[in-house]
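Peer 1: My questions all concern the structure below.
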Amino acid sequence: LIVLPDADVEMTATNVVASMSGCAGQRCMAASVMVGVDQVQHIIDRMVEFSRSVIPGKNLGSVISKAAKERIEGYITQAEKDGATILIDGRGSEVKGKEGGYYVGPTIIDHVTPDMSVAKEEIFGPVISIIRAKDIDEAITIENSSNYGNAAAVFTQSGKLAKEIMERASAGMIGVNIG
């Protein structure tokens, strides 16, 4: 997902969080990496706020297995060790009455670099990694360097910028203002 600073804050935040946490992030079209272009802190702040309403066992299901939970939580731990900032941490989530369940809460990891495992590999859980880009050119370079090319999306209010990104991005499908 490429998020531009002019994107509608509420729509972008709710769509990005829904995309990364729907089906507990265990679907091929779940968002796992967001490239924030320039000044997007206001959008990230709203994503963090909205993520607090995504509750394991209530509106966020479990992951498929103990191994999946451990793998997902391992990615979060590795990102932290690699210097990323955990804004919302879903590790260790438990649901009352289902203490043995395999729950991972919504997780937002900021200040990720393109070489980190959370940026290069599919986590397949309710986790989004945020890479910061100074401009659209850098964002496109990051998007085009991904080994995954199924889909991408751009969040902006500018039809001109959306079209530019659609023409330059290498993903097979490119959505506009949709996770």
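Here, A, B, ... name the chains of the structure tokens in the order displayed, residue numbers run from 1 inside each chain, and ligands are numbered from 1 in the same displayed order.
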Just the helix (DSSP H, G or I) stuff from region 2-178 of chain A, please, per backbone DSSP, written as a ChimeraX atom specification.
Peer 2: /A:9-25,41-51,66-81,117-120,136-144,159-168
Peer 1: Would you kindly return, as a CSV table (one decimal) with C-alpha atoms, in the first residue's frame, each protein, DNA or RNA residue with an atom no farther than 9 Å from any atom of Phe50 (chain A), considering only C-alpha atoms and excluding same-chain residues fewer than 4 positions away?
Peer 2:
chain,number,residue,atom,x,y,z
A,13,ALA,CA,-6.7,4.5,8.4
A,14,THR,CA,-9.8,2.3,8.6
A,17,VAL,CA,-6.3,-1.6,9.4
A,45,ASP,CA,-1.6,8.1,14.3
A,46,ARG,CA,-5.2,7.4,13.3
A,54,VAL,CA,-9.8,-4.4,16.8
Peer 1: Neighbours of Gly125 (chain A) within 9 Å (only C-alpha atoms; same-chain residues fewer than 4 positions away dropped), as a VMD selection string?
Peer 2: chain A and resid 20 to 21 23 to 27 30 32 63 68 to 69 72 104 106 to 107
Peer 1: Restricted to N, CA, C and O atoms, what would the selected residues look like written as a PDB file, in the first residue's frame?
Peer 2:
ATOM      1  N   MET A  20      -5.265  -5.268   6.832  1.00  0.00           N
ATOM      2  CA  MET A  20      -4.234  -6.078   7.493  1.00  0.00           C
ATOM      3  C   MET A  20      -4.807  -7.017   8.532  1.00  0.00           C
ATOM      4  O   MET A  20      -4.210  -8.040   8.832  1.00  0.00           O
ATOM      5  N   SER A  21      -6.000  -6.722   9.059  1.00  0.00           N
ATOM      6  CA  SER A  21      -6.526  -7.551  10.143  1.00  0.00           C
ATOM      7  C   SER A  21      -7.705  -8.431   9.743  1.00  0.00           C
ATOM      8  O   SER A  21      -8.047  -9.346  10.487  1.00  0.00           O
ATOM      9  N   CYS A  23      -9.767 -11.396   8.454  1.00  0.00           N
ATOM     10  CA  CYS A  23      -9.409 -12.830   8.444  1.00  0.00           C
ATOM     11  C   CYS A  23      -8.108 -13.064   9.209  1.00  0.00           C
ATOM     12  O   CYS A  23      -7.325 -13.958   8.880  1.00  0.00           O
ATOM     13  N   ALA A  24      -7.876 -12.231  10.226  1.00  0.00           N
ATOM     14  CA  ALA A  24      -6.653 -12.284  11.040  1.00  0.00           C
ATOM     15  C   ALA A  24      -5.402 -12.168  10.174  1.00  0.00           C
ATOM     16  O   ALA A  24      -4.336 -12.672  10.510  1.00  0.00           O
ATOM     17  N   GLY A  25      -5.542 -11.477   9.033  1.00  0.00           N
ATOM     18  CA  GLY A  25      -4.405 -11.273   8.136  1.00  0.00           C
ATOM     19  C   GLY A  25      -4.011 -12.515   7.362  1.00  0.00           C
ATOM     20  O   GLY A  25      -2.990 -12.534   6.691  1.00  0.00           O
ATOM     21  N   GLN A  26      -4.829 -13.554   7.424  1.00  0.00           N
ATOM     22  CA  GLN A  26      -4.491 -14.837   6.806  1.00  0.00           C
ATOM     23  C   GLN A  26      -5.201 -15.017   5.472  1.00  0.00           C
ATOM     24  O   GLN A  26      -5.921 -15.988   5.263  1.00  0.00           O
ATOM     25  N   ARG A  27      -5.010 -14.076   4.595  1.00  0.00           N
ATOM     26  CA  ARG A  27      -5.577 -14.170   3.249  1.00  0.00           C
ATOM     27  C   ARG A  27      -4.588 -13.526   2.287  1.00  0.00           C
ATOM     28  O   ARG A  27      -3.822 -12.643   2.659  1.00  0.00           O
ATOM     29  N   ALA A  30      -4.390  -9.654   2.031  1.00  0.00           N
ATOM     30  CA  ALA A  30      -4.214  -8.843   3.235  1.00  0.00           C
ATOM     31  C   ALA A  30      -3.022  -7.908   3.052  1.00  0.00           C
ATOM     32  O   ALA A  30      -1.978  -8.307   2.538  1.00  0.00           O
ATOM     33  N   SER A  32       0.224  -6.119   4.055  1.00  0.00           N
ATOM     34  CA  SER A  32       1.273  -6.433   5.018  1.00  0.00           C
ATOM     35  C   SER A  32       2.349  -5.351   5.082  1.00  0.00           C
ATOM     36  O   SER A  32       3.061  -5.256   6.073  1.00  0.00           O
ATOM     37  N   VAL A  63      -5.522 -17.018  14.655  1.00  0.00           N
ATOM     38  CA  VAL A  63      -4.737 -17.517  13.535  1.00  0.00           C
ATOM     39  C   VAL A  63      -4.878 -19.034  13.533  1.00  0.00           C
ATOM     40  O   VAL A  63      -5.403 -19.631  14.469  1.00  0.00           O
ATOM     41  N   ALA A  68       1.603 -21.033  13.563  1.00  0.00           N
ATOM     42  CA  ALA A  68       1.378 -19.741  12.892  1.00  0.00           C
ATOM     43  C   ALA A  68       1.530 -18.597  13.891  1.00  0.00           C
ATOM     44  O   ALA A  68       2.170 -17.583  13.592  1.00  0.00           O
ATOM     45  N   LYS A  69       0.956 -18.746  15.071  1.00  0.00           N
ATOM     46  CA  LYS A  69       1.068 -17.719  16.112  1.00  0.00           C
ATOM     47  C   LYS A  69       2.538 -17.471  16.455  1.00  0.00           C
ATOM     48  O   LYS A  69       2.984 -16.322  16.513  1.00  0.00           O
ATOM     49  N   ILE A  72       4.304 -15.660  13.485  1.00  0.00           N
ATOM     50  CA  ILE A  72       3.911 -14.252  13.391  1.00  0.00           C
ATOM     51  C   ILE A  72       4.567 -13.440  14.502  1.00  0.00           C
ATOM     52  O   ILE A  72       5.151 -12.378  14.249  1.00  0.00           O
ATOM     53  N   VAL A 104      -3.401 -13.438  17.850  1.00  0.00           N
ATOM     54  CA  VAL A 104      -2.402 -12.378  17.715  1.00  0.00           C
ATOM     55  C   VAL A 104      -3.200 -11.115  17.482  1.00  0.00           C
ATOM     56  O   VAL A 104      -4.041 -11.047  16.577  1.00  0.00           O
ATOM     57  N   PRO A 106      -3.875  -6.998  16.608  1.00  0.00           N
ATOM     58  CA  PRO A 106      -3.400  -6.142  15.527  1.00  0.00           C
ATOM     59  C   PRO A 106      -2.041  -5.554  15.903  1.00  0.00           C
ATOM     60  O   PRO A 106      -1.812  -5.193  17.054  1.00  0.00           O
ATOM     61  N   THR A 107      -1.175  -5.504  14.927  1.00  0.00           N
ATOM     62  CA  THR A 107       0.187  -5.033  15.163  1.00  0.00           C
ATOM     63  C   THR A 107       0.589  -4.060  14.070  1.00  0.00           C
ATOM     64  O   THR A 107       0.430  -4.353  12.885  1.00  0.00           O
TER      65      THR A 107
END
Peer 1: What residues in region 114-148 of chain A get the DSSP label strand (DSSP E or B)? Please answer as a list of chain:residue names.
Peer 2: A:Val127, A:Ile128, A:Ser129, A:Ile130, A:Ile131, A:Arg132, A:Ala133
Peer 1: Next, dump the selected residues to file, keeping only N, CA, C and O atoms, as a tab-separated table (two decimals), in the first residue's frame.
Peer 2:
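Below you can see out-v6.tsv, which holds the result:
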chain	number	residue	atom	x	y	z
A	127	VAL	N	-0.69	-8.01	10.90
A	127	VAL	CA	0.50	-7.18	11.10
A	127	VAL	C	0.72	-6.32	9.86
A	127	VAL	O	0.66	-6.82	8.74
A	128	ILE	N	0.98	-5.02	10.07
A	128	ILE	CA	1.38	-4.17	8.95
A	128	ILE	C	2.69	-3.50	9.30
A	128	ILE	O	2.89	-3.03	10.42
A	129	SER	N	3.60	-3.51	8.34
A	129	SER	CA	4.91	-2.88	8.48
A	129	SER	C	4.90	-1.59	7.67
A	129	SER	O	4.45	-1.58	6.52
A	130	ILE	N	5.40	-0.52	8.27
A	130	ILE	CA	5.41	0.78	7.60
A	130	ILE	C	6.83	1.16	7.24
A	130	ILE	O	7.70	1.25	8.10
A	131	ILE	N	7.02	1.36	5.94
A	131	ILE	CA	8.29	1.87	5.42
A	131	ILE	C	8.05	3.33	5.08
A	131	ILE	O	7.05	3.67	4.43
A	132	ARG	N	8.95	4.19	5.46
A	132	ARG	CA	8.82	5.63	5.14
A	132	ARG	C	9.59	5.92	3.86
A	132	ARG	O	10.73	5.47	3.69
A	133	ALA	N	8.96	6.68	2.97
A	133	ALA	CA	9.60	7.10	1.71
A	133	ALA	C	9.54	8.62	1.62
A	133	ALA	O	8.54	9.23	2.00
Peer 1: I'd like the neighbourhood of Asn144 (chain A) as an mmCIF file with C-alpha atoms, in the first residue's frame, where a residue qualifies if any of its atoms comes within 8 Å (using only C-alpha atoms), though same-chain residues fewer than 6 positions away should be ignored.
Peer 2:
data_model
loop_
_atom_site.group_PDB
_atom_site.id
_atom_site.type_symbol
_atom_site.label_atom_id
_atom_site.label_comp_id
_atom_site.auth_asym_id
_atom_site.auth_seq_id
_atom_site.Cartn_x
_atom_site.Cartn_y
_atom_site.Cartn_z
ATOM 1 C CA ALA A 169 3.911 0.303 -10.207
ATOM 2 C CA SER A 170 4.689 -3.278 -11.188
ATOM 3 C CA ALA A 171 1.876 -5.065 -9.323
#
Peer 1: Rounded to one decimal, what separation in Å do you get between CA of Gly61 (chain A) and CA of Val48 (chain A)?
Peer 2: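 Those two atoms sit 18.9 Å apart.
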